[in-house]
file coords.txt (compact mmCIF, C-alpha atoms)
# COMPACT_ATOMS: atom_id res chain seq x y z
CA MET A 12 118.60 53.37 87.79
CA THR A 13 120.68 54.57 90.72
CA SER A 14 118.93 56.92 93.13
CA ILE A 15 120.47 59.73 95.12
CA PRO A 16 119.70 59.79 98.86
CA THR A 17 117.63 62.80 99.89
CA LEU A 18 118.59 63.15 103.56
CA GLY A 19 121.75 64.71 104.92
CA THR A 20 124.84 65.52 102.87
CA VAL A 21 125.65 63.35 99.88
CA LEU A 22 128.55 63.75 97.48
CA VAL A 23 127.76 62.41 94.01
CA ASP A 24 130.67 61.60 91.72
CA PHE A 25 129.79 61.45 88.01
CA TRP A 26 132.64 59.53 86.38
CA ALA A 27 133.64 57.08 83.62
CA SER A 28 136.16 54.27 83.56
CA TRP A 29 138.10 55.86 80.67
CA CYS A 30 138.45 59.22 82.49
CA GLY A 31 141.98 59.57 83.91
CA PRO A 32 141.15 62.50 86.23
CA CYS A 33 138.15 60.54 87.53
CA LEU A 34 140.39 57.65 88.51
CA MET A 35 142.89 59.98 90.20
CA LEU A 36 140.06 61.59 92.19
CA SER A 37 138.69 58.32 93.54
CA PRO A 38 141.15 57.93 96.50
CA ILE A 39 140.50 61.53 97.55
CA LEU A 40 136.77 60.87 97.65
CA ASP A 41 137.33 57.65 99.59
CA ASP A 42 139.29 59.64 102.19
CA LEU A 43 136.53 62.25 102.40
CA ALA A 44 133.89 59.58 102.98
CA ILE A 45 135.81 58.29 105.98
CA GLU A 46 137.00 61.61 107.40
CA GLN A 47 133.75 63.56 106.93
CA LYS A 48 131.40 60.61 107.51
CA ILE A 49 129.38 61.43 104.40
CA ASN A 50 127.71 59.27 101.81
CA ILE A 51 129.37 59.13 98.43
CA VAL A 52 127.47 57.88 95.41
CA LYS A 53 129.46 57.08 92.28
CA ILE A 54 127.53 57.34 89.01
CA ASP A 55 129.12 55.83 85.91
CA VAL A 56 127.80 58.10 83.16
CA GLU A 57 128.02 55.30 80.60
CA ALA A 58 125.87 52.99 82.74
CA GLU A 59 123.46 55.78 83.80
CA PRO A 60 123.17 58.20 80.85
CA ASP A 61 119.66 59.32 81.83
CA LEU A 62 120.84 60.40 85.27
CA ALA A 63 123.80 62.25 83.75
CA THR A 64 121.40 64.04 81.39
CA LYS A 65 119.00 64.88 84.23
CA TYR A 66 121.80 66.75 86.03
CA SER A 67 123.28 68.27 82.82
CA ILE A 68 126.64 66.52 83.20
CA THR A 69 128.84 67.55 80.26
CA SER A 70 132.35 67.23 81.76
CA LEU A 71 134.05 64.60 83.86
CA PRO A 72 134.60 64.30 86.67
CA THR A 73 131.67 66.33 87.98
CA ILE A 74 130.90 66.34 91.68
CA LEU A 75 127.48 67.40 92.93
CA ILE A 76 127.06 67.95 96.65
CA PHE A 77 123.48 67.50 97.80
CA LYS A 78 122.19 68.77 101.12
CA ASP A 79 118.79 67.39 102.06
CA GLY A 80 118.03 66.46 98.45
CA LYS A 81 119.03 69.74 96.80
CA VAL A 82 122.22 70.52 94.89
CA ALA A 83 124.30 72.75 97.16
CA ALA A 84 127.56 72.77 95.16
CA THR A 85 128.97 71.69 91.81
CA LEU A 86 132.66 71.05 91.19
CA ILE A 87 133.84 70.21 87.69
CA GLY A 88 137.23 68.62 87.08
CA SER A 89 139.65 67.08 89.51
CA ARG A 90 140.41 69.44 92.40
CA PRO A 91 142.55 69.38 95.53
CA LYS A 92 140.99 67.77 98.58
CA SER A 93 140.79 71.17 100.28
CA GLU A 94 138.29 72.41 97.68
CA TYR A 95 135.95 69.49 98.34
CA LEU A 96 136.21 70.10 102.07
CA LYS A 97 135.34 73.77 101.56
CA ALA A 98 132.36 72.87 99.37
CA LEU A 99 131.12 70.43 101.99
CA GLY A 100 131.27 73.32 104.47
call {"tool": "encode", "arguments": {"input": "coords.txt", "output": "C-alpha cells"}}
result
Amino acid sequence: MTSIPTLGTVLVDFWASWCGPCLMLSPILDDLAIEQKINIVKIDVEAEPDLATKYSITSLPTILIFKDGKVAATLIGSRPKSEYLKALG
C-alpha cells in the first residue's frame, strides 16, 4: 500500500487510467511539483482501493492537499492551475 508523507505540503492525486480529466490534469500537476517544489503522490484508485475508501474518494480526479499530515484542502474534478495554486496557499 502506498503511504502519504506526513511532513510538509503534499499534493495527493487520486486518479485512474480510464479517467480523461485525470490524464489532462497530469501535466498541470507536474508543473506544480517543479514550480512549487512540493511532493506529489499519485494514487491509482484501482490499484489502491483501500486508500481511496479511507479518504472517501467517490469522484475522479480528486486532489487532497496535506499539510503536516492533515488534509488542508480537497479539490474534486479537473481545475485550472490557478485554483491549485490558491489551495496550496
call {"tool": "residues_around", "arguments": {"input": "coords.txt", "residues": "segment 28-41 of chain A", "least_positions_apart": "4", "cutoff": "12 Å", "atoms": "all atoms listed in the file", "output": "PyMOL selection string"}}
result
chain A and resi 21-24+45-58+70-74+87-96+99
call {"tool": "atom_distance", "arguments": {"input": "coords.txt", "atom1": "atom CA of Ala63 of chain A", "atom2": "atom CA of Gly80 of chain A"}}
result
16.3 Å
call {"tool": "atom_distance", "arguments": {"input": "coords.txt", "atom1": "atom CA of Leu18 of chain A", "atom2": "atom CA of Thr69 of chain A"}}
result
25.8 Å
call {"tool": "atom_distance", "arguments": {"input": "coords.txt", "atom1": "atom CA of Ala27 of chain A", "atom2": "atom CA of Ala83 of chain A"}}
result
22.7 Å
call {"tool": "residues_near_point", "arguments": {"input": "coords.txt", "point": "(121.7, 67.1, 97.8)", "cutoff": "8 Å", "atoms": "only C-alpha atoms", "output": "JSON list (two decimals) with C-alpha atoms, keeping the file's coordinate frame"}}
result
[["chain", "number", "residue", "atom", "x", "y", "z"],
["A", 15, "ILE", "CA", 120.47, 59.73, 95.12],
["A", 16, "PRO", "CA", 119.70, 59.79, 98.86],
["A", 17, "THR", "CA", 117.63, 62.80, 99.89],
["A", 18, "LEU", "CA", 118.59, 63.15, 103.56],
["A", 19, "GLY", "CA", 121.75, 64.71, 104.92],
["A", 20, "THR", "CA", 124.84, 65.52, 102.87],
["A", 21, "VAL", "CA", 125.65, 63.35, 99.88],
["A", 22, "LEU", "CA", 128.55, 63.75, 97.48],
["A", 75, "LEU", "CA", 127.48, 67.40, 92.93],
["A", 76, "ILE", "CA", 127.06, 67.95, 96.65],
["A", 77, "PHE", "CA", 123.48, 67.50, 97.80],
["A", 78, "LYS", "CA", 122.19, 68.77, 101.12],
["A", 79, "ASP", "CA", 118.79, 67.39, 102.06],
["A", 80, "GLY", "CA", 118.03, 66.46, 98.45],
["A", 81, "LYS", "CA", 119.03, 69.74, 96.80],
["A", 82, "VAL", "CA", 122.22, 70.52, 94.89],
["A", 83, "ALA", "CA", 124.30, 72.75, 97.16]]
